[in-house]
$ cat query.cif   # mmCIF, C-alpha atoms
data_protein
loop_
_atom_site.label_atom_id
_atom_site.label_comp_id
_atom_site.auth_asym_id
_atom_site.auth_seq_id
_atom_site.Cartn_x
_atom_site.Cartn_y
_atom_site.Cartn_z
CA MET F 57 -33.50 143.27 -0.86
CA THR F 58 -33.91 146.84 0.33
CA THR F 59 -36.85 147.43 -1.99
CA ALA F 60 -38.52 144.24 -0.83
CA LEU F 61 -37.98 145.21 2.79
CA PHE F 62 -39.57 148.61 2.27
CA GLN F 63 -42.50 147.01 0.46
CA GLY F 64 -43.01 144.69 3.40
CA VAL F 65 -43.34 147.62 5.82
CA TYR F 66 -46.61 148.68 4.20
CA SER F 67 -48.13 145.19 4.19
CA SER F 68 -49.59 143.13 7.01
CA THR F 69 -47.02 141.34 9.16
CA SER F 70 -48.34 137.83 8.56
CA GLY F 71 -48.64 138.33 4.80
CA MET F 72 -45.22 139.98 4.76
CA ALA F 73 -43.54 137.02 6.43
CA GLY F 74 -45.17 134.54 4.09
CA MET F 75 -44.42 136.51 0.94
CA VAL F 76 -40.72 137.16 1.63
CA GLY F 77 -40.04 133.74 3.10
CA TYR F 78 -41.67 131.95 0.20
CA SER F 79 -39.74 134.04 -2.36
CA ALA F 80 -36.42 133.30 -0.68
CA PHE F 81 -37.21 129.59 -0.55
CA LEU F 82 -37.91 129.51 -4.26
CA MET F 83 -34.57 131.19 -4.93
CA GLY F 84 -32.84 128.51 -2.86
CA ASN F 85 -30.78 131.08 -1.02
CA TYR F 86 -30.85 130.16 2.67
CA GLU F 87 -28.66 133.07 3.75
CA GLN F 88 -30.85 135.61 2.00
CA HIS F 89 -33.92 134.03 3.65
CA ARG F 90 -32.27 134.32 7.09
CA HIS F 91 -31.35 138.00 6.63
CA LEU F 92 -34.77 138.90 5.27
CA THR F 93 -36.55 137.19 8.19
CA ALA F 94 -34.43 139.11 10.69
CA GLY F 95 -35.29 142.34 8.91
CA ILE F 96 -39.00 141.49 9.12
CA HIS F 97 -38.88 141.05 12.91
CA PHE F 98 -37.10 144.38 13.14
CA CYS F 99 -39.84 146.01 11.06
CA ARG F 100 -42.55 144.60 13.30
CA ARG F 101 -41.01 146.37 16.29
CA ARG F 102 -40.35 149.64 14.52
CA ALA F 103 -43.30 149.77 12.10
CA SER F 104 -44.71 153.02 13.45
CA SER F 105 -41.39 154.87 13.13
CA LEU F 106 -40.70 153.47 9.66
CA ARG F 107 -44.14 154.55 8.39
CA SER F 108 -43.39 158.14 9.30
CA SER F 109 -39.78 158.20 8.01
CA LEU F 110 -39.78 156.06 4.87
CA SER F 111 -41.38 156.82 1.53
CA TYR F 112 -41.81 154.24 -1.15
CA SER F 113 -41.85 154.83 -4.89
CA SER F 114 -42.82 152.16 -7.33
CA PRO F 115 -40.06 150.98 -9.68
CA SER F 116 -42.46 151.47 -12.57
CA CYS F 117 -42.82 155.19 -11.79
CA SER F 118 -40.12 157.40 -13.22
CA SER F 119 -40.94 160.38 -11.01
CA SER F 120 -42.90 161.22 -7.85
CA SER F 121 -44.54 164.41 -6.67
CA PRO F 122 -43.06 166.30 -3.71
CA ARG F 123 -46.29 165.52 -1.79
CA GLU F 124 -45.57 161.79 -1.98
CA ASN F 125 -42.07 162.23 -0.55
CA GLU F 126 -43.39 163.91 2.62
CA PRO F 127 -43.62 161.83 5.80
CA VAL F 128 -47.04 160.26 6.35
CA GLN F 129 -47.57 162.02 9.71
CA GLU F 130 -46.97 165.47 8.16
CA ARG F 131 -49.35 164.76 5.27
CA LEU F 132 -52.20 163.53 7.50
CA GLY F 133 -51.83 166.16 10.21
CA PRO F 134 -51.67 165.64 13.99
CA SER F 135 -52.99 162.33 15.29
CA SER F 136 -55.51 161.99 18.12
CA TRP F 137 -53.20 159.41 19.66
CA THR F 138 -50.70 162.12 20.47
CA ALA F 139 -53.13 165.00 21.07
CA LYS F 140 -53.09 166.88 24.35
CA ASP F 141 -56.00 168.54 26.12
CA SER F 142 -56.16 172.09 27.45
CA VAL F 143 -54.09 171.21 30.51
CA GLY F 144 -51.44 169.25 28.59
CA GLU F 145 -52.65 165.76 29.48
CA ASP F 146 -53.22 162.87 27.10
CA TYR F 147 -56.57 163.53 25.41
CA LEU F 148 -57.68 159.95 24.76
CA TYR F 149 -56.68 158.79 28.23
CA ARG F 150 -58.70 161.55 29.81
CA LEU F 151 -61.66 160.85 27.51
CA GLY F 152 -61.75 157.20 28.50
CA LYS F 153 -61.34 158.04 32.16
CA GLU F 154 -64.23 160.51 32.31
CA ALA F 155 -67.17 158.49 30.96
CA ASP F 156 -68.30 154.97 30.20
CA ASN F 157 -68.01 153.87 26.58
CA MET F 158 -71.62 153.62 25.44
CA ASN F 159 -70.91 153.67 21.70
CA ILE F 160 -72.13 150.22 20.65
CA THR F 161 -72.77 150.81 16.94
CA VAL F 162 -69.25 151.15 15.57
CA GLY F 163 -68.77 147.38 15.56
CA ALA F 164 -70.82 146.83 12.41
CA ARG F 165 -71.08 150.15 10.68
CA GLN F 166 -70.91 150.34 6.91
CA GLY F 167 -67.59 151.74 5.80
CA MET F 168 -65.86 150.81 9.05
CA ILE F 169 -65.52 147.07 8.47
CA ASP F 170 -65.76 144.66 5.57
CA SER F 171 -69.18 144.70 3.91
CA VAL F 172 -69.46 140.93 4.43
CA PHE F 173 -70.02 141.52 8.13
CA VAL F 174 -72.55 144.35 7.72
CA GLY F 175 -75.29 142.75 5.65
CA ASP F 176 -78.42 144.23 4.13
CA PHE F 177 -81.19 142.31 5.88
CA LEU F 178 -81.57 144.39 9.06
CA GLY F 179 -79.88 147.54 7.82
CA LYS F 180 -76.38 148.90 7.98
CA GLU F 181 -76.05 149.24 11.76
CA ALA F 182 -75.57 146.47 14.31
CA ASP F 183 -78.24 147.91 16.62
CA ILE F 184 -81.18 149.08 14.54
CA VAL F 185 -82.92 150.81 17.47
CA PHE F 186 -79.84 152.54 18.85
CA ALA F 187 -80.87 156.01 17.67
CA TYR F 188 -84.34 155.59 19.16
CA ARG F 189 -83.05 154.46 22.57
CA GLN F 190 -80.49 157.21 22.73
CA LYS F 191 -83.18 159.93 22.51
CA VAL F 192 -84.02 160.55 26.16
CA THR F 193 -85.98 163.73 25.55
CA ARG F 194 -89.74 163.93 25.06
CA SER F 195 -91.48 165.89 22.30
CA PHE F 196 -95.23 165.16 22.96
CA GLU F 197 -96.35 164.80 19.35
CA HIS F 198 -98.86 162.24 20.63
CA LEU F 199 -100.84 164.93 22.47
CA GLN F 200 -103.40 165.71 19.81
CA GLY F 201 -106.62 167.55 20.57
CA ASP F 202 -108.00 170.62 22.26
CA TYR F 203 -107.02 170.35 25.92
CA TYR F 204 -107.57 172.85 28.71
CA ILE F 205 -104.68 174.22 30.76
CA ALA F 206 -105.61 175.75 34.09
CA PRO F 207 -104.43 179.40 34.29
CA ALA F 208 -102.93 179.01 37.78
CA PHE F 209 -100.96 175.93 36.68
CA LEU F 210 -99.80 177.68 33.52
CA ASP F 211 -98.64 180.70 35.48
CA ALA F 212 -96.59 178.64 37.97
CA VAL F 213 -94.79 176.45 35.41
CA VAL F 214 -94.11 179.12 32.78
CA THR F 215 -92.86 181.60 35.36
CA HIS F 216 -90.44 179.06 36.79
CA ILE F 217 -89.05 178.09 33.38
CA VAL F 218 -88.58 181.65 32.16
CA LYS F 219 -87.13 182.84 35.46
CA ASN F 220 -84.41 180.18 35.35
CA TYR F 221 -83.43 181.07 31.80
CA VAL F 222 -82.98 184.73 32.76
CA ALA F 223 -81.48 183.98 36.19
CA GLU F 224 -78.12 185.53 35.26
CA GLN F 225 -79.82 188.85 34.54
CA LEU F 226 -81.73 188.94 37.82
CA ASP F 227 -80.01 190.42 40.83
CA THR F 228 -81.33 187.70 43.13
CA SER F 229 -81.16 183.99 43.86
CA VAL F 230 -83.57 181.98 41.71
CA PRO F 231 -84.73 178.52 42.93
CA LEU F 232 -83.73 175.84 40.44
CA ILE F 233 -86.48 173.35 41.40
CA LEU F 234 -90.25 173.74 41.15
CA GLY F 235 -92.21 171.25 43.24
CA VAL F 236 -95.76 170.65 41.98
CA TRP F 237 -97.66 168.69 44.60
CA GLY F 238 -101.24 167.80 45.45
CA GLY F 239 -103.74 164.97 45.59
CA LYS F 240 -103.44 161.83 43.53
CA GLY F 241 -104.81 161.85 39.99
CA GLN F 242 -105.22 165.62 39.71
CA GLY F 243 -103.41 165.88 36.38
CA LYS F 244 -100.12 167.37 37.59
CA THR F 245 -97.98 165.52 35.05
CA PHE F 246 -100.47 165.87 32.18
CA GLN F 247 -100.95 169.60 32.70
CA THR F 248 -97.19 170.06 32.77
CA GLU F 249 -96.77 168.12 29.52
CA LEU F 250 -99.45 170.25 27.86
CA ILE F 251 -97.47 173.35 28.84
CA PHE F 252 -94.27 171.81 27.46
CA LYS F 253 -96.00 171.14 24.17
CA ALA F 254 -97.43 174.66 23.99
CA MET F 255 -94.05 176.27 24.74
CA GLY F 256 -92.00 173.93 22.56
CA VAL F 257 -90.01 172.64 25.53
CA GLU F 258 -88.21 169.31 24.98
CA PRO F 259 -87.67 167.98 28.51
CA VAL F 260 -85.77 165.03 29.91
CA ILE F 261 -88.21 162.89 31.93
CA MET F 262 -87.39 160.72 34.95
CA SER F 263 -89.61 158.77 37.34
CA ALA F 264 -89.51 157.60 40.95
CA GLY F 265 -88.48 154.13 39.79
CA GLU F 266 -85.09 155.51 38.76
CA MET F 267 -84.35 156.82 42.25
CA GLU F 268 -83.14 153.39 43.38
CA SER F 269 -80.65 150.88 42.01
CA GLU F 270 -78.75 147.78 43.08
CA ARG F 271 -75.57 149.81 42.60
CA ALA F 272 -74.79 152.47 45.18
CA GLY F 273 -74.52 155.93 43.65
CA GLU F 274 -76.06 155.02 40.30
CA PRO F 275 -79.31 157.08 40.71
CA GLY F 276 -77.34 160.17 41.68
CA ARG F 277 -75.08 159.78 38.67
CA LEU F 278 -78.14 159.25 36.45
CA ILE F 279 -79.73 162.49 37.65
CA ARG F 280 -76.54 164.43 36.92
CA ASP F 281 -76.22 162.78 33.52
CA ARG F 282 -79.84 163.58 32.61
CA TYR F 283 -79.39 167.15 33.78
CA ARG F 284 -76.33 167.54 31.54
CA THR F 285 -78.36 166.02 28.68
CA ALA F 286 -81.01 168.71 29.11
CA ALA F 287 -78.27 171.34 29.06
CA GLN F 288 -76.90 169.83 25.83
CA VAL F 289 -80.35 170.14 24.22
CA VAL F 290 -80.25 173.87 24.89
CA LYS F 291 -76.68 174.23 23.64
CA ASN F 292 -76.73 171.98 20.57
CA GLN F 293 -80.35 172.14 19.39
CA GLY F 294 -81.27 175.64 20.51
CA LYS F 295 -84.46 174.40 22.18
CA LEU F 296 -85.85 175.04 25.63
CA SER F 297 -85.39 172.05 27.91
CA CYS F 298 -85.65 171.05 31.54
CA LEU F 299 -85.36 168.02 33.81
CA MET F 300 -88.66 166.62 35.12
CA ILE F 301 -88.94 163.96 37.85
CA ASN F 302 -92.39 162.45 38.38
CA ASP F 303 -93.65 161.22 41.78
CA ILE F 304 -90.43 162.09 43.57
CA ASP F 305 -91.89 161.45 47.02
CA ALA F 306 -92.55 157.83 46.05
CA GLY F 307 -88.84 157.42 45.38
CA ILE F 308 -87.14 159.37 48.19
CA GLY F 309 -90.00 160.15 50.58
CA ARG F 310 -89.79 158.97 54.19
CA PHE F 311 -92.92 157.08 55.21
CA GLU F 312 -93.63 155.20 58.41
CA ASN F 313 -91.83 151.84 58.71
CA THR F 314 -89.81 152.42 55.54
CA GLN F 315 -86.05 152.10 55.37
CA MET F 316 -83.75 154.74 53.97
CA THR F 317 -80.97 153.63 51.64
CA VAL F 318 -77.66 155.08 50.57
CA ASN F 319 -79.15 155.89 47.17
CA ASN F 320 -81.99 157.87 48.81
CA GLN F 321 -79.42 160.02 50.58
CA ILE F 322 -77.29 160.42 47.45
CA VAL F 323 -80.30 161.49 45.36
CA VAL F 324 -81.27 164.12 47.95
CA GLY F 325 -77.68 165.36 48.13
CA THR F 326 -77.41 165.45 44.34
CA LEU F 327 -80.56 167.56 43.96
CA MET F 328 -79.40 169.92 46.70
CA ASN F 329 -76.02 170.28 44.99
CA LEU F 330 -77.65 170.98 41.63
CA ALA F 331 -79.84 173.66 43.21
CA ASP F 332 -76.78 175.32 44.76
CA ASN F 333 -74.48 175.06 41.72
CA PRO F 334 -76.43 174.27 38.52
CA THR F 335 -73.71 175.18 36.00
CA GLN F 336 -70.93 172.81 37.13
CA VAL F 337 -72.17 169.24 37.19
CA SER F 338 -69.85 166.24 37.44
CA VAL F 339 -70.74 162.78 36.21
CA GLY F 340 -67.71 161.10 37.72
CA GLN F 341 -64.82 162.78 35.96
CA ASP F 342 -62.21 165.14 37.33
CA TRP F 343 -63.38 168.70 37.79
CA ARG F 344 -62.38 171.05 35.01
CA GLU F 345 -62.58 174.79 35.42
CA GLY F 346 -63.80 175.32 31.85
CA ASP F 347 -66.57 172.70 32.05
CA VAL F 348 -69.51 175.07 32.58
CA ILE F 349 -72.93 173.97 31.30
CA LYS F 350 -76.16 175.82 30.68
CA ARG F 351 -78.52 176.25 33.62
CA VAL F 352 -81.81 174.41 33.03
CA PRO F 353 -84.79 174.30 35.41
CA ILE F 354 -85.93 171.20 37.30
CA ILE F 355 -89.61 170.36 37.85
CA VAL F 356 -90.67 167.61 40.26
CA THR F 357 -94.15 166.30 41.03
CA GLY F 358 -95.45 164.49 44.09
CA ASN F 359 -98.35 163.96 46.47
CA ASP F 360 -96.89 164.87 49.87
CA PHE F 361 -93.71 166.92 50.08
CA SER F 362 -93.72 166.72 53.88
CA THR F 363 -92.11 163.29 53.44
CA LEU F 364 -89.08 164.84 51.71
CA TRP F 365 -85.86 165.98 53.38
CA ALA F 366 -86.57 169.47 54.71
CA PRO F 367 -83.32 171.14 53.49
CA LEU F 368 -84.17 170.02 49.96
CA ILE F 369 -87.55 171.78 49.84
CA ARG F 370 -86.48 174.94 51.65
CA ASP F 371 -87.06 178.33 50.06
CA GLY F 372 -84.20 179.27 47.79
CA ARG F 373 -83.78 175.74 46.47
CA MET F 374 -87.38 174.82 45.62
CA ASP F 375 -90.48 176.79 44.75
CA LYS F 376 -93.62 174.94 45.88
CA PHE F 377 -96.94 174.97 44.03
CA TYR F 378 -99.94 173.19 45.50
CA TRP F 379 -102.32 172.07 42.76
CA GLN F 380 -105.95 171.54 43.67
CA PRO F 381 -108.24 172.22 40.69
CA SER F 382 -111.27 174.32 41.45
CA ARG F 383 -114.77 173.45 40.33
CA GLU F 384 -114.35 175.75 37.34
CA ASP F 385 -111.07 174.06 36.40
CA LEU F 386 -112.64 170.61 36.66
CA ILE F 387 -115.58 171.57 34.49
CA ASN F 388 -113.37 173.11 31.81
CA ILE F 389 -110.97 170.15 31.75
CA VAL F 390 -113.73 167.51 31.70
CA TYR F 391 -115.72 169.43 29.10
CA ARG F 392 -112.74 169.43 26.73
CA MET F 393 -112.26 165.75 27.53
CA TYR F 394 -115.79 164.87 26.37
CA SER F 395 -116.13 167.46 23.62
CA LYS F 396 -115.90 164.83 20.86
CA ASP F 397 -118.63 162.74 22.51
CA GLY F 398 -121.27 165.44 22.12
CA LEU F 399 -121.78 166.19 25.81
CA SER F 400 -122.88 169.73 26.59
CA ARG F 401 -121.37 171.91 29.29
CA VAL F 402 -124.53 171.43 31.34
CA ASP F 403 -124.09 167.64 31.20
CA VAL F 404 -120.49 167.99 32.41
CA GLU F 405 -121.57 170.24 35.27
CA THR F 406 -124.14 167.62 36.27
CA ILE F 407 -121.45 164.90 36.36
CA VAL F 408 -119.03 167.02 38.40
CA ASP F 409 -121.72 167.99 40.91
CA LYS F 410 -122.96 164.39 41.15
CA PHE F 411 -119.51 163.12 42.14
CA PRO F 412 -117.83 165.88 44.16
CA ASN F 413 -114.42 165.59 45.83
CA GLN F 414 -113.17 163.22 43.15
CA ALA F 415 -109.76 163.35 41.48
CA LEU F 416 -109.50 164.42 37.88
CA ASP F 417 -108.64 160.91 36.71
CA PHE F 418 -112.01 159.72 38.07
CA TYR F 419 -113.83 161.60 35.31
CA GLY F 420 -111.51 160.12 32.73
CA ALA F 421 -112.17 156.61 34.06
CA LEU F 422 -115.91 157.12 33.54
CA LYS F 423 -115.52 156.76 29.80
CA SER F 424 -113.64 153.47 30.15
CA ARG F 425 -116.19 152.02 32.61
CA ALA F 426 -119.12 153.13 30.43
CA CYS F 427 -117.79 150.94 27.59
CA ASP F 428 -117.91 147.73 29.65
CA GLU F 429 -121.56 146.88 29.02
CA GLU F 430 -121.35 147.45 25.26
CA LEU F 431 -118.11 145.48 25.15
CA TRP F 432 -119.79 142.43 26.66
CA LYS F 433 -122.66 142.71 24.19
CA TRP F 434 -120.13 142.73 21.36
CA LEU F 435 -118.38 139.64 22.79
CA GLU F 436 -121.65 137.69 23.08
CA SER F 437 -122.65 138.59 19.52
CA ASN F 438 -119.33 137.20 18.25
CA GLY F 439 -119.46 133.84 20.01
CA GLY F 440 -118.30 134.75 23.51
CA PRO F 441 -114.84 135.19 25.05
CA GLU F 442 -113.67 131.77 23.81
CA LYS F 443 -113.90 133.04 20.22
CA LEU F 444 -111.82 136.15 20.88
CA ASN F 445 -108.50 134.50 20.06
CA GLU F 446 -109.84 133.24 16.74
CA ILE F 447 -111.15 136.70 15.85
CA PHE F 448 -107.78 138.21 16.63
CA ARG F 449 -105.89 135.58 14.63
CA GLN F 450 -108.08 136.07 11.54
CA SER F 451 -107.67 139.84 11.58
CA LYS F 452 -105.22 141.05 8.93
CA LYS F 453 -104.09 143.98 11.07
CA LYS F 454 -103.89 141.83 14.23
CA THR F 455 -106.37 144.13 15.93
CA ILE F 456 -109.91 143.74 17.18
CA ASP F 457 -112.48 145.90 15.42
CA PHE F 458 -114.79 147.35 18.04
CA ASN F 459 -116.78 150.52 17.63
CA PRO F 460 -116.95 152.32 20.99
CA PRO F 461 -120.43 153.24 22.11
CA GLU F 462 -121.74 156.77 22.18
CA GLN F 463 -121.24 158.36 25.58
CA THR F 464 -124.43 159.66 27.17
CA LEU F 465 -125.13 161.38 30.46
CA THR F 466 -127.08 158.35 31.70
CA SER F 467 -124.28 155.85 30.94
CA LEU F 468 -121.63 158.07 32.52
CA LEU F 469 -123.66 158.58 35.71
CA LYS F 470 -124.16 154.82 35.95
CA ALA F 471 -120.44 154.19 35.46
CA GLY F 472 -119.60 156.82 38.09
CA THR F 473 -121.84 155.14 40.66
CA SER F 474 -120.06 151.82 40.03
CA LEU F 475 -116.63 153.40 40.51
CA VAL F 476 -117.68 155.08 43.77
CA GLU F 477 -118.92 151.75 45.12
CA GLU F 478 -115.56 150.15 44.39
CA GLN F 479 -113.77 152.98 46.19
CA LYS F 480 -115.93 152.50 49.27
CA MET F 481 -115.29 148.76 49.30
CA VAL F 482 -111.52 149.27 49.33
CA THR F 483 -111.58 151.72 52.24
CA LYS F 484 -114.28 149.83 54.17
CA MET F 485 -113.07 146.24 54.02
CA ARG F 486 -109.41 146.90 54.96
CA LEU F 487 -108.52 143.24 54.57
CA SER F 488 -104.95 143.96 55.64
CA ASP F 489 -106.20 144.35 59.22
CA GLU F 490 -107.90 140.97 59.02
CA TYR F 491 -104.91 139.19 57.52
CA MET F 492 -102.38 140.71 59.93
CA LYS F 493 -104.15 140.75 63.27
CA LYS F 494 -100.96 140.04 65.21
CA GLN F 495 -99.10 142.94 63.65
CA THR F 496 -98.51 145.85 66.02
CA GLY F 497 -100.04 149.09 64.79
CA GLU F 498 -102.78 149.69 62.30
CA GLY F 499 -102.62 148.61 58.69
CA GLY F 500 -103.41 151.00 55.93
CA LEU F 501 -102.99 151.90 52.30
CA ILE F 502 -101.08 155.05 51.43
CA GLY F 503 -103.45 157.59 49.88
CA LEU F 504 -106.65 155.69 50.76
CA SER F 505 -106.91 156.17 54.52
#
$ encode --input "query.cif" --output "structure tokens"
Amino acid sequence: MTTALFQGVYSSTSGMAGMVGYSAFLMGNYEQHRHLTAGIHFCRRRASSLRSSLSYSSPSCSSSSPRENEPVQERLGPSSWTAKDSVGEDYLYRLGKEADNMNITVGARQGMIDSVFVGDFLGKEADIVFAYRQKVTRSFEHLQGDYYIAPAFLDAVVTHIVKNYVAEQLDTSVPLILGVWGGKGQGKTFQTELIFKAMGVEPVIMSAGEMESERAGEPGRLIRDRYRTAAQVVKNQGKLSCLMINDIDAGIGRFENTQMTVNNQIVVGTLMNLADNPTQVSVGQDWREGDVIKRVPIIVTGNDFSTLWAPLIRDGRMDKFYWQPSREDLINIVYRMYSKDGLSRVDVETIVDKFPNQALDFYGALKSRACDEELWKWLESNGGPEKLNEIFRQSKKKTIDFNPPEQTLTSLLKAGTSLVEEQKMVTKMRLSDEYMKKQTGEGGLIGLS
């Protein structure tokens, strides 16, 4: 009976009850069945203590090694269930209290559960794109080609990054945030990404759309979490990193007749706190004295920083850099843009002088507009727009084979004239004034008036 009881300790409780009860029934001994069942219920309550204190040796084995006679807990080492942290508190309790459980792949991982539930059709993980979604950094392998980086832009961004990484060695206060601002479509984000690629920086990117949420406090927590992620890139991967927020004034800027929210205030306060204390960043857990992270720079872009909270952009917290490309910068950037199309530098100078005071993205849009006429000719030669779906369906690669036309100075000048006419129509018509005559005050479009 004792041997059977000890054997039952190392089996599952349901199987144990069935096995012992069925054996006793076959023997016809009701009293033995009653005593065994009582012992089983006792084992269920004390299973953890019995596992650590009892050792079982098979009757067929004449001897056992000293290792097998040791308690299970001593052989396996300390358990995480009883581990304590640096301050003597329960480790697992503190771990669950500090952060949300975002580990969603352990439910169907090979080796963790029965192979029947893993399968081979979609792979060995439950979420086949988990690793891709978890990578919040950007590496810019897609930027292929010979692009031009303006020297003034390069100087501002590189100086800010390097200065923050050597801030501890400088006997002065170094602003954590660099604010790159200027007119719309001037290539602020693209120039910054080119510098990241040249320097090997792997940044964490955020946008103005993440500055608001239906949950109060969520954007502020997200900023702190992304900042800590950038610090982890430096610590774990040994790469330069930073946090970049695009179009920040669109997310937390104060415009006329716009309403401030709690999240706007929290985001501003979070950025100010990061600038004042960039090495201790909380994401909701209790403060720990030893939780010190690596300082990483923050770069934000925008169009009008006068709409931001003044204490945020003050000197000491934010370095400001106004980006307005000169004529020489525009020519160099556009020339590299059209280098594969065979345009000479003289042709590019003609285009820039023909359309002055235009944003950098205007000259990039010329190429797209210049393709419109050739695209319509291709459609008509293939049966018209109504045949487009059939062409796409018959394509093996599910793509439409279209050879882009050669870009010439004449076609680009014609496309530029068309784009300028559209710009004038938007600013001239101002249909919002016509539709809202009874509204007090003047209507307008931000960035166009």
$ closest_residue --input "query.cif" --among "F:Leu422, F:Ala254, F:Leu435, F:Ala287" --to "Ile205 (chain F)" --atoms "all atoms listed in the file"
F:Ala254
$ residues_around --input "query.cif" --residues "region 300-310 of chain F" --least-positions-apart "5" --cutoff "9 Å" --atoms "all atoms listed in the file" --output "PyMOL selection string"
chain F and resi 237+245+259-268+315-316+319-321+323-324+353-365
$ residues_around --input "query.cif" --residues "Val230 (chain F)" --least-positions-apart "5" --cutoff "8 Å" --atoms "only C-alpha atoms" --output "list in words"
Lys219, Asn220, Ala223, Gly372 and Arg373 of chain F
$ atom_distance --input "query.cif" --atom1 "CA of Arg277 (chain F)" --atom2 "CA of Tyr378 (chain F)"
29.1 Å
$ atom_distance --input "query.cif" --atom1 "CA of Met374 (chain F)" --atom2 "CA of Ile322 (chain F)"
17.7 Å
$ resolve_selection --input "query.cif" --expression "the PyMOL selection byres ((chain F and resi 247) around 12)" --output "JSON, numbers by chain"
{"F": [199, 203, 204, 205, 206, 207, 208, 209, 210, 211, 212, 213, 214, 236, 241, 242, 243, 244, 245, 246, 248, 249, 250, 251, 252, 253, 254, 357, 379, 381, 385, 389, 416]}
$ atom_distance --input "query.cif" --atom1 "CA of Phe411 (chain F)" --atom2 "CA of Thr464 (chain F)"
16.1 Å
$ resolve_selection --input "query.cif" --expression "the PyMOL selection byres ((chain F and resi 331) around 9)" --output "short mmCIF file (atom, residue, chain, number, x, y, z; two decimals) with C-alpha atoms, in the frame of the given file"
data_model
loop_
_atom_site.label_atom_id
_atom_site.label_comp_id
_atom_site.auth_asym_id
_atom_site.auth_seq_id
_atom_site.Cartn_x
_atom_site.Cartn_y
_atom_site.Cartn_z
CA PRO F 231 -84.73 178.52 42.93
CA LEU F 232 -83.73 175.84 40.44
CA ILE F 233 -86.48 173.35 41.40
CA THR F 326 -77.41 165.45 44.34
CA LEU F 327 -80.56 167.56 43.96
CA MET F 328 -79.40 169.92 46.70
CA ASN F 329 -76.02 170.28 44.99
CA LEU F 330 -77.65 170.98 41.63
CA ASP F 332 -76.78 175.32 44.76
CA ASN F 333 -74.48 175.06 41.72
CA PRO F 334 -76.43 174.27 38.52
CA ILE F 354 -85.93 171.20 37.30
CA LEU F 368 -84.17 170.02 49.96
CA GLY F 372 -84.20 179.27 47.79
CA ARG F 373 -83.78 175.74 46.47
CA MET F 374 -87.38 174.82 45.62
#
$ closest_residue --input "query.cif" --among "F:Met481, F:Leu296, F:Val289, F:Val404" --to "Thr466 (chain F)" --atoms "all atoms listed in the file"
F:Val404
$ residues_around --input "query.cif" --residues "Asp428 (chain F)" --least-positions-apart "2" --cutoff "12 Å" --atoms "all atoms listed in the file" --output "number ranges by chain"
F: 421-426, 430-435, 460-461, 463, 467-468, 470-471, 474
$ closest_residue --input "query.cif" --among "F:Pro412, F:Gly256, F:Gly325, F:Gly238" --to "Gly276 (chain F)" --atoms "only C-alpha atoms"
F:Gly325
